[in-house]
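Note sheet for the following structure.
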Amino acid sequence: MAMPASGERGDADLGRYRSPLVSRYSSPEMAFNFSEVKKFSTWRRLWLYLARGEKMLGLPITDEQLREMESNLDNIDFKMAAEEEKRLRHDVMAHVHTFGHCCPKAAAIIHLGATSCYVGDNTDLIVLRDGFDILLPKLARVVGRLADFAEQHAALPTLGFTHYQPAQLTTVGKRCCLWIQDLCMDLRNLERARNELRFRGVKGTTGTQASFLQLFEGDYSKVEELDRLVTEMAGFKQTYMVTGQTYSRKVDVDSLAVLSSLGATVHKICTDIRLLANLKEIEEPFEKEQIGSSAMPYKRNPMRSERCCSLARHLTTLILDPLQTASVQWFERTLDDSANRRICLPEAFLTADVILSTLQNITEGLVVYPKVIERHICQELPFMATENIIMAMVKAGGNRQDCHERIRVLSQQAAAVVKQEGGDNDLICRIKNDPYFSPIHEQLQALLDPKSFVGCAPQQVINFLEREVRPMLVPYASQMEGKVELEL
């Protein structure tokens, strides 16, 4: 099979592997955030910020040089950069030369006093910050959609499960609040990780700022001010006060830890939805012409939730990369972090991005089947109501022990019908036909009202949404609109 010529690129080229995270799943904004265009144009902006700061502090840099740099920030000759990198075996110097080629007047002062990590690490921090800024509104929208769903179904009784065995009743809204609570923890974690990001700043080759101290002839106050000026131009409030050649790779650990935790949350939510789909109680959206199975036309597979679980598994594992990288950074740095970080950092954000978009689509179209839920309740509720029936009989003058024994016998008979004969739970019919229980026959319907078995669940839903969830979403009020339509 003929292979494409070396150097050929493009979306139409199907002869090369492309990450499905970009070609199939992620949003354009997140894909751009980790693109080469964003990366290398940010390098050029950082070189401009550095030159501006150095000029402001007295170095012989002209306005003409700054204007030339500014007018060429996005004028990147990628072919020339690739050729330079092949020749120099150094990506940063390749782009210094490429930038200098279109800025001949400024070429002499580009990268003045800096090391490669000035552009590399600072760009990574900008990209991490911008990545969080893309994810946070998406996560807020998912929380908002689920909050509306929980409020709508706050009082709808449903069978609770522990160990995936029938347990006391809860409500559809209360169960949803369990999902929301985990997502709110993730929202706080992402906000914290984003807001605690600092800038590497202007630190030099081993973090000592020696080159800049030499540029400013020993004036440490100017070195400090340059660091502050560049940090401010890049949109950060603080720098890491001490660094080696790089910022501490524990920063990457913190960033990916919160994304991996988000992955665990989404996996749990979507697993619940998949189980509920099997019970036919709740389903994710299903398109009019969507095919659930090539062989079984009747199937409505929860493919969106399955996709979320599949990708979430990948996301939760990515934390291992920065953990191991941070643990083996010798002294001021080693370069064995570079190739690893090129993969795990983008993949974590791209994966989180598609998971949140898919989950938003799911939450905007969840379908509830109350009649199926009611039928499942009716199959289990008679057993759960036995204690209430005993108490009612005692109030009517019965003996607690006698009543317990009669219900025990009738319950075992009803259980045999369910398990051995595949029939419906007929315990209540047996109680109605037993003269012993005649004093409470008229109360049975009230004693079996599912709403009397859900405890404080409806009030918990309303209180939780009003006191905790809605206030968290206020900062994202202007970004809550818009629906997600999935193409795949």
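So you can find residues: chains in the structure tokens are A, B, ... in the order shown, residues in each start at 1, and ligands are numbered from 1 in order.
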
Counting only C-alpha atoms, give me one row per residue of region 135-220 of chain A with an atom at most 9 Å from an atom of region 370-394 of chain A, showing the shortest contact pair and its distance in Å to one decimal, sorted by chain then residue number, as JSON lines.
{"residue": "A:Leu156", "atom": "CA", "partner": "A:Pro370", "partner_atom": "CA", "distance": 8.0}
{"residue": "A:Pro157", "atom": "CA", "partner": "A:Glu374", "partner_atom": "CA", "distance": 8.0}
{"residue": "A:Thr158", "atom": "CA", "partner": "A:Ile373", "partner_atom": "CA", "distance": 6.0}
{"residue": "A:Leu159", "atom": "CA", "partner": "A:Ile377", "partner_atom": "CA", "distance": 5.7}
{"residue": "A:Pro166", "atom": "CA", "partner": "A:Glu380", "partner_atom": "CA", "distance": 7.3}
{"residue": "A:Ala167", "atom": "CA", "partner": "A:Met384", "partner_atom": "CA", "distance": 8.4}
{"residue": "A:Gln168", "atom": "CA", "partner": "A:Met384", "partner_atom": "CA", "distance": 7.2}
{"residue": "A:Leu169", "atom": "CA", "partner": "A:Ile377", "partner_atom": "CA", "distance": 8.0}

Generate the output file for the selected residues, all heavy atoms, as a compact mmCIF listing (two decimals), in the first residue's frame.
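Result went into part39.txt, see below:
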# COMPACT_ATOMS: atom_id res chain seq x y z
N LEU A 156 -40.99 11.92 43.27
CA LEU A 156 -41.41 10.70 42.58
C LEU A 156 -40.74 9.49 43.24
O LEU A 156 -39.54 9.30 43.10
CB LEU A 156 -41.03 10.78 41.10
CG LEU A 156 -41.36 9.53 40.25
CD1 LEU A 156 -42.86 9.27 40.25
CD2 LEU A 156 -40.84 9.70 38.83
N PRO A 157 -41.53 8.66 43.96
CA PRO A 157 -40.92 7.51 44.64
C PRO A 157 -40.31 6.52 43.65
O PRO A 157 -40.82 6.34 42.54
CB PRO A 157 -42.11 6.87 45.38
CG PRO A 157 -43.14 7.94 45.46
CD PRO A 157 -42.97 8.75 44.21
N THR A 158 -39.23 5.93 44.05
CA THR A 158 -38.60 4.88 43.26
C THR A 158 -37.94 3.88 44.19
O THR A 158 -37.64 4.21 45.35
CB THR A 158 -37.56 5.46 42.27
OG1 THR A 158 -37.15 4.46 41.35
CG2 THR A 158 -36.34 5.98 43.00
N LEU A 159 -37.74 2.70 43.71
CA LEU A 159 -37.12 1.66 44.51
C LEU A 159 -35.64 1.97 44.72
O LEU A 159 -34.90 2.21 43.76
CB LEU A 159 -37.27 0.31 43.80
CG LEU A 159 -37.05 -0.96 44.62
CD1 LEU A 159 -38.04 -1.02 45.78
CD2 LEU A 159 -37.21 -2.18 43.72
N PRO A 166 -33.07 -4.74 46.13
CA PRO A 166 -34.11 -3.79 46.53
C PRO A 166 -33.97 -3.38 47.99
O PRO A 166 -33.78 -4.21 48.88
CB PRO A 166 -35.41 -4.57 46.29
CG PRO A 166 -35.05 -5.57 45.24
CD PRO A 166 -33.63 -5.96 45.52
N ALA A 167 -34.06 -2.07 48.22
CA ALA A 167 -33.95 -1.51 49.57
C ALA A 167 -35.11 -0.53 49.77
O ALA A 167 -36.03 -0.46 48.96
CB ALA A 167 -32.60 -0.83 49.75
N GLN A 168 -35.05 0.25 50.84
CA GLN A 168 -36.11 1.22 51.10
C GLN A 168 -36.27 2.18 49.92
O GLN A 168 -35.33 2.42 49.17
CB GLN A 168 -35.81 2.01 52.37
CG GLN A 168 -36.08 1.24 53.65
CD GLN A 168 -36.03 2.16 54.86
OE1 GLN A 168 -35.59 3.30 54.77
NE2 GLN A 168 -36.47 1.64 56.00
N LEU A 169 -37.45 2.72 49.82
CA LEU A 169 -37.73 3.64 48.72
C LEU A 169 -36.94 4.94 48.89
O LEU A 169 -36.64 5.37 50.00
CB LEU A 169 -39.21 3.96 48.64
CG LEU A 169 -40.19 2.81 48.44
CD1 LEU A 169 -41.57 3.37 48.09
CD2 LEU A 169 -39.72 1.85 47.36

Excluding Pro346 (chain A) and residues on its chain fewer than 3 positions from it, collect all residues at most 10 Å away from it, counting only C-alpha atoms, and give them as a PDB file with C-alpha atoms, in the first residue's frame.
ATOM      1  CA  LEU A  21     -10.080  12.560  20.923  1.00  0.00           C
ATOM      2  CA  MET A  30     -10.492  22.368  23.380  1.00  0.00           C
ATOM      3  CA  ALA A  31      -8.784  20.931  20.308  1.00  0.00           C
ATOM      4  CA  ASN A  33      -6.341  24.977  23.031  1.00  0.00           C
ATOM      5  CA  PHE A  34      -3.801  22.179  22.577  1.00  0.00           C
ATOM      6  CA  SER A  35      -3.024  22.927  18.939  1.00  0.00           C
ATOM      7  CA  VAL A 127      -2.996  26.249  28.262  1.00  0.00           C
ATOM      8  CA  LEU A 128      -3.899  24.490  31.531  1.00  0.00           C
ATOM      9  CA  GLY A 131      -8.413  24.366  29.496  1.00  0.00           C
ATOM     10  CA  ARG A 341       3.584  15.580  29.232  1.00  0.00           C
ATOM     11  CA  ARG A 342       2.972  16.158  25.509  1.00  0.00           C
ATOM     12  CA  ILE A 343       0.589  13.188  25.689  1.00  0.00           C
ATOM     13  CA  PHE A 349      -8.379  17.816  29.062  1.00  0.00           C
ATOM     14  CA  LEU A 350      -9.616  16.519  25.707  1.00  0.00           C
ATOM     15  CA  THR A 351     -11.132  13.462  27.395  1.00  0.00           C
ATOM     16  CA  ALA A 352     -12.774  15.496  30.144  1.00  0.00           C
TER      17      ALA A 352
END

TODO: Measure the distance from CA of Thr271 (chain A) to CA of Glu306 (chain A) in Å and round it to one decimal.
DONE: 7.8 Å

TODO: Could you please write out, as a ChimeraX atom specification, every residue of region 95-196 of chain A that DSSP assigns to helix (DSSP H, G or I)?
DONE: /A:95-102,107-109,116-152,172-195

Open item on the list: Report, in Å with one decimal, the straight-line distance from CA of Ala234 (chain A) to CA of Gly201 (chain A).
Closed with: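 Between CA of Ala234 (chain A) and CA of Gly201 (chain A) the gap works out to 9.2 Å.
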
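Using only C-alpha atoms, the nearest neighbour of Thr358 (chain A) within the list A:Pro450, A:Pro322, A:Gly422, A:Pro285 is A:Pro285.
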